[in-house]
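First up is the structure itself, then whatever we jot down about it.
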Amino acid sequence: MNKKLLMRGSQVIGEAAIRAGCRFYAGYPITPQNELPEFMSGAMASLEGGTFIQAESEIAAINMVIGASMAGARAMTSSSSPGISLKQEGISFLAALELPAVIVNVMRGGPGLGNIAPSQGDYFQATRGGGHGDYRTIVLAPAHGQELADLTEKAFEYADRYRTPVMILADGMMGQMMEPVILPDPVNLDTLPPKPWVLDGAQGRPSRIIRSLILDTVGMEEHNWKLERKYKMISDEIPRAETYMTEDARLVVIAYGTAARIARGGIKRAREMGLKVGLLRPVTLWPFPERAIREMSRLVKDFMVFEMNTGQMIDDVKLSLEGRSNVHFYGRPGGVVSTPDELAKAISSLYYRQNLKKEG
Amino acid sequence: MEKLVFTRPRYMKKAPFHYCPGCGHSIIHRLVAEVIDELGIGDKTIGVPPAGCAVLAYDYFDVDMGEAPHGRAAAVATGIKRILPDKIVFTYQGDGDIAAIGTAETIHSANRGENITVIFVNNSCYGMTGGQMAPTTLLGQKSTTTPGGRNKDRDGAPIDLSQMLALTQGAAYIERTAVNSIKNIIKTKKALTKAFKVQMAGIGFSLIEILSPCPTNWKMSTVDACRRIDEEVTQTFPLKVIKDETA
């Protein structure tokens with residue numbers, strides 16, 4: 001096993017990406033994720049076959065990733081909320097062209113320029129596609145340093161396996177915090193599955209086209225259904241959620257990323273007060289772990305969605321439950337980071353209001 | 001005895017062009033395919049067409065082709081070339097694509113000295129969308145969005161992107177040619193050959209701007225459109241080698 005290291009979150013993503021075989025990174029400076037491109041500039045320079053480009057814009061960066069991916073490389077870009085908005089055209093093209101790529105969003109407060117504090121305001125944008133057209137993006141939501149490493153590795157694997165863009169949805173807190181982490185072993189690039197679609201010059205084979213323009217409406221419809229079948233397969237294969245203290249819970253908090261860590265602290269305190277509270281943490285935001293939530297509704301009648309926004313994932317929770325349980329919400333937008341004590345108070349207030357203390 | 005003197009170039013697919021009668025793209029496609037063949041680089045060339053009339057270039061070129069979003073061809077080509085430095089990468093862009101929405105990507109690719117070849121087809125209008133004003137539309141030229149003619153005070157003057165690019169240190173070879181006459185077609189082929197050779201030698205960014213007739217949107221006969229290039233377009237965009245760092 002590899003040694004346990006103390007590392008800053010954004011550097012964990014960079015190091016894990018390189019170990020996962022990332023050989024191309026293009027990015028543009030934006031706070032709070034500058035440590036990632038800064039790390040990549042040095043790391044790629046000392047890596048044979050590694051490319052780092054500080055792009056002239058977010059748009060150029062994502063399009064460079066498109067090119068690198070066409071050429072067969074494992075490629076990544078990163079940014080924070082306003083920058084991710086600019087990349088949406090390219091993400092739509094990646095989905096349409098069926099190109100693998102990893103996009104890291106270290107979310108900050110918004111809308112507009114917002115601020116540089118940790119936030120989860122981009123849930124809708126990330127999980128609904130963000131760009132134009134009928135497509136989906138795989139969205140992974142790490143909650144701590146170790147998961148930043150593990151999910152970065154997974155992101156590259158999923159991107160290649162499904163030939164589709166994958167987003168790692170982190171936030172400023174995670175990017176800045178230093179935590180112990182055990183990095184995965186480097187991937188041997190020669191052992192990765194071949195990509196029989198790359199553009200590398202048509203030597204000894206017929207020429208290839210990677211295109212998204214399909215003027216024929218029936219052809220375009222076919223392409224859309226083909227993508228949809230792929231998204232269905234992804235929805236069957238990779239949804240993931242983690243539970244904490246849910247065995248006897250009467251109230252279950254649903255939270256992801258940094259919010260889930262705060263929720264754990266709140267739940268610990270609530271348990272000390274004798275309240276039967278647990279946590280369900282979606283690890284994949286798209287596909288959303290609908291089944292795990294629906295199954296829990298057989299025993300749990302009250303869910304509390306906690307997000308660092310005004311309520312976005314709550315829609316997916318409601319869709320998963322289809323009216324089976326009560327869905328409550330607690331959230332702080334704008335980069336305000338709740339404390340575990342604050343959350344414990346919100347939990348206990350809801351617990352008594354819903355009369356969950358009563359033995360039943 | 002029969003002697004074959006004219007045939008479809010090796011790297012053109014057997015497909016009818018969708019281009020309008022009199023359009024310069026068909027000629028330029030042919031020239032590019034001939035040059036790729038003559039330089040022996042057909043099995044290591046990757047083309048990047050972005051949105052515009054020539055996005056469908058991948059239906060005609062028999063080399064690997066990857067579509068770019070509107071204006072982003074130079075960035076996509078940068079990504080490809082950095083991963084595959086031994087391959088030959090070219091973009092094929094219109095004037096609206098390269099000199100308006102894609103200005104930033106183009107200038108910065110040139111400035112970084114990306115070792116790619118850009119084929120910039122200037123027909124002084126947005127062709128595919130129906131003839132709106134382009135950044136290269138001449139002063140006084142009528143278009144669907146300048147019905148009274150392009151007005152400098154309202155619309156700005158035509159932009160000379162090639163001249164701007166020549167100011168970047170990474171640009172190695174930039175030439176402006178035209179395909180409105182046999183003489184100019186021959187010169188264009190020479191320029192394209194030179195541009196690809198610059199890339200093969202790893203010297204830096206090369207770009208050929210080609211003035212091309214658009215009889216449909218200029219609302220002219222092909223003959224008049226070709227004459228207009230000589231009489232009007234070249235007054236604003238003179239044919240010349242704009243930058244040559246190979247000398």
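Ligands are numbered from 1 in the order shown, residues from 1 within each chain, and chains are lettered A, B, ... in the order they appear in the structure tokens.
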
Q: Could you list the residues in chain A lying within 10 Å of chain B, using only C-alpha atoms, and format the result as a PyMOL selection string?
A: chain A and resi 23-26+49-53+55-57+59-73+75+89-90+92-93+97+198-214

Any chance you can output those residues with C-alpha atoms as a tab-separated table (two decimals), in the first residue's frame?
chain	number	residue	atom	x	y	z
A	23	ARG	CA	-1.40	13.52	-19.94
A	24	PHE	CA	-3.09	16.74	-21.02
A	25	TYR	CA	-4.29	19.59	-18.89
A	26	ALA	CA	-5.47	23.01	-20.08
A	49	GLY	CA	4.54	13.06	-22.82
A	50	GLY	CA	2.76	15.41	-20.47
A	51	THR	CA	1.24	18.68	-21.70
A	52	PHE	CA	0.16	21.68	-19.68
A	53	ILE	CA	-1.28	24.73	-21.41
A	55	ALA	CA	-5.16	28.75	-22.10
A	56	GLU	CA	-6.25	32.24	-23.13
A	57	SER	CA	-9.77	31.51	-21.91
A	59	ILE	CA	-13.46	28.31	-23.75
A	60	ALA	CA	-10.08	27.67	-25.33
A	61	ALA	CA	-9.14	25.34	-22.47
A	62	ILE	CA	-12.14	23.06	-22.92
A	63	ASN	CA	-11.63	23.05	-26.69
A	64	MET	CA	-7.99	22.08	-26.27
A	65	VAL	CA	-9.27	19.20	-24.15
A	66	ILE	CA	-11.61	18.27	-27.03
A	67	GLY	CA	-8.61	18.12	-29.37
A	68	ALA	CA	-6.42	16.15	-26.96
A	69	SER	CA	-9.24	13.69	-26.39
A	70	MET	CA	-9.77	13.29	-30.15
A	71	ALA	CA	-6.08	12.45	-30.35
A	72	GLY	CA	-6.54	9.75	-27.72
A	73	ALA	CA	-5.14	11.33	-24.55
A	75	ALA	CA	-7.38	14.95	-20.76
A	89	GLU	CA	-20.50	24.80	-25.04
A	90	GLY	CA	-17.47	22.54	-25.07
A	92	SER	CA	-22.09	19.82	-24.90
A	93	PHE	CA	-19.73	19.09	-27.81
A	97	LEU	CA	-18.89	13.91	-30.16
A	198	VAL	CA	-9.16	8.29	-32.19
A	199	LEU	CA	-7.92	10.66	-34.86
A	200	ASP	CA	-4.21	9.94	-35.32
A	201	GLY	CA	-3.87	9.92	-39.10
A	202	ALA	CA	-5.44	7.18	-41.18
A	203	GLN	CA	-2.33	5.05	-41.57
A	204	GLY	CA	-3.31	1.53	-42.61
A	205	ARG	CA	-7.00	2.09	-42.02
A	206	PRO	CA	-9.91	4.05	-43.52
A	207	SER	CA	-10.12	7.71	-42.50
A	208	ARG	CA	-12.31	8.62	-39.53
A	209	ILE	CA	-14.67	11.48	-38.77
A	210	ILE	CA	-15.64	12.78	-35.33
A	211	ARG	CA	-18.64	15.02	-35.86
A	212	SER	CA	-21.77	16.27	-34.16
A	213	LEU	CA	-23.48	17.99	-37.11
A	214	ILE	CA	-26.22	15.69	-38.36

Q: Excluding Lys345 (chain A) and any residue of its chain fewer than 6 positions from it, enumerate the residues within 12 Å of it, using only C-alpha atoms, and give them as a count of residues only.
A: 15

Q. Could you pull out all residues of region 161-225 of chain B with a DSSP call of strand (DSSP E) and give them as number ranges by chain?
A. B: 171-178, 205-211

Q.
Env of region 166-180 of chain A: 9 Å cut, atoms = only C-alpha atoms, seq-sep filter 2 positions within chain, self excluded. Answer as JSON, numbers by chain.
A. {"A": [4, 5, 6, 7, 8, 9, 10, 11, 12, 13, 31, 32, 33, 35, 36, 80, 100, 101, 102, 103, 104, 105, 106, 107, 108, 116, 117, 118, 119, 120, 122, 123, 126, 137, 138, 139, 140, 141, 142, 143, 144, 145, 146, 148, 151, 152, 155, 156, 158, 159, 164, 182, 257, 258, 285]}

Q: Can you pull out every residue within 7 Å of Lys240 (chain B), counting only C-alpha atoms, but drop anything in the same chain fewer than 6 positions away, and send it as number ranges by chain?
A: B: 175-177

Take the residues just selected and output them with N, CA and C atoms as a tab-separated table (two decimals), in the first residue's frame.
chain	number	residue	atom	x	y	z
B	175	GLU	N	0.38	34.15	-45.62
B	175	GLU	CA	0.24	34.68	-46.99
B	175	GLU	C	-1.23	34.81	-47.34
B	176	ARG	N	-1.54	35.85	-48.13
B	176	ARG	CA	-2.92	36.01	-48.61
B	176	ARG	C	-2.94	35.77	-50.11
B	177	THR	N	-3.82	34.88	-50.54
B	177	THR	CA	-3.94	34.56	-51.97
B	177	THR	C	-5.42	34.63	-52.35

Q: Skip Gly140 (chain B) itself and residues of its chain fewer than 2 positions away, then list as JSON, numbers by chain all residues within 7 Å of it, counting only C-alpha atoms.
A: {"B": [138, 142, 149, 150, 151]}

Q. So, counting only C-alpha atoms, which residue among B:Leu39, B:Leu139, B:Ile174, B:Val118 is closest to Val233 (chain B)?
A.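 Comparing B:Leu39, B:Leu139, B:Ile174, B:Val118 against Val233 (chain B), the winner is B:Leu139.
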
Q: Determine which residues of region 99-341 of chain A DSSP labels as helix (DSSP H, G or I) from the backbone of this structure, then write them out as a ChimeraX atom specification.
A: /A:123-127,145-162,172-176,189-191,217-237,257-272,290-296,313-321,340-341

Q. Nearest to Asn115 (chain A) among A:Ala20, A:Ala95, A:Val336, A:Ile238, with distances taken over only C-alpha atoms: which residue is it?
A. A:Val336

**Q.** Surrounding residues of Gly83 (chain A) excluding itself and chain neighbours under 3 positions, 8 Å, only C-alpha atoms, as number ranges by chain
**A.** A: 30, 58, 79-80, 86-87

Based on the selection just made, write C-alpha atoms of those residues as an mmCIF file, in the first residue's frame.
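Output file part-v2.cif follows:
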data_model
loop_
_atom_site.group_PDB
_atom_site.id
_atom_site.type_symbol
_atom_site.label_atom_id
_atom_site.label_comp_id
_atom_site.auth_asym_id
_atom_site.auth_seq_id
_atom_site.Cartn_x
_atom_site.Cartn_y
_atom_site.Cartn_z
ATOM 1 C CA ILE A 30 -9.813 31.392 -11.317
ATOM 2 C CA GLU A 58 -11.962 28.883 -20.314
ATOM 3 C CA SER A 79 -12.253 25.763 -13.121
ATOM 4 C CA SER A 80 -14.669 27.302 -10.686
ATOM 5 C CA LEU A 86 -18.007 29.383 -20.114
ATOM 6 C CA LYS A 87 -17.033 25.775 -20.727
#

Q. What gap, in Å, lies between CA of Leu99 (chain A) and CA of Lys226 (chain A)?
A.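 CA of Lys226 (chain A) lies 14.3 Å from CA of Leu99 (chain A).
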
Q.
Give me the residues near Ile203 (chain B) as number ranges by chain, where near means some atom within 10 Å (using only C-alpha atoms) and where sequence neighbours in that chain fewer than 4 positions away do not count.
A. B: 113-116, 170-173, 195, 197-199, 245-246

Q) Quick one: distance from CA of Phe6 (chain B) to CA of Gly24 (chain B) in Å, one decimal? A) 19.0 Å
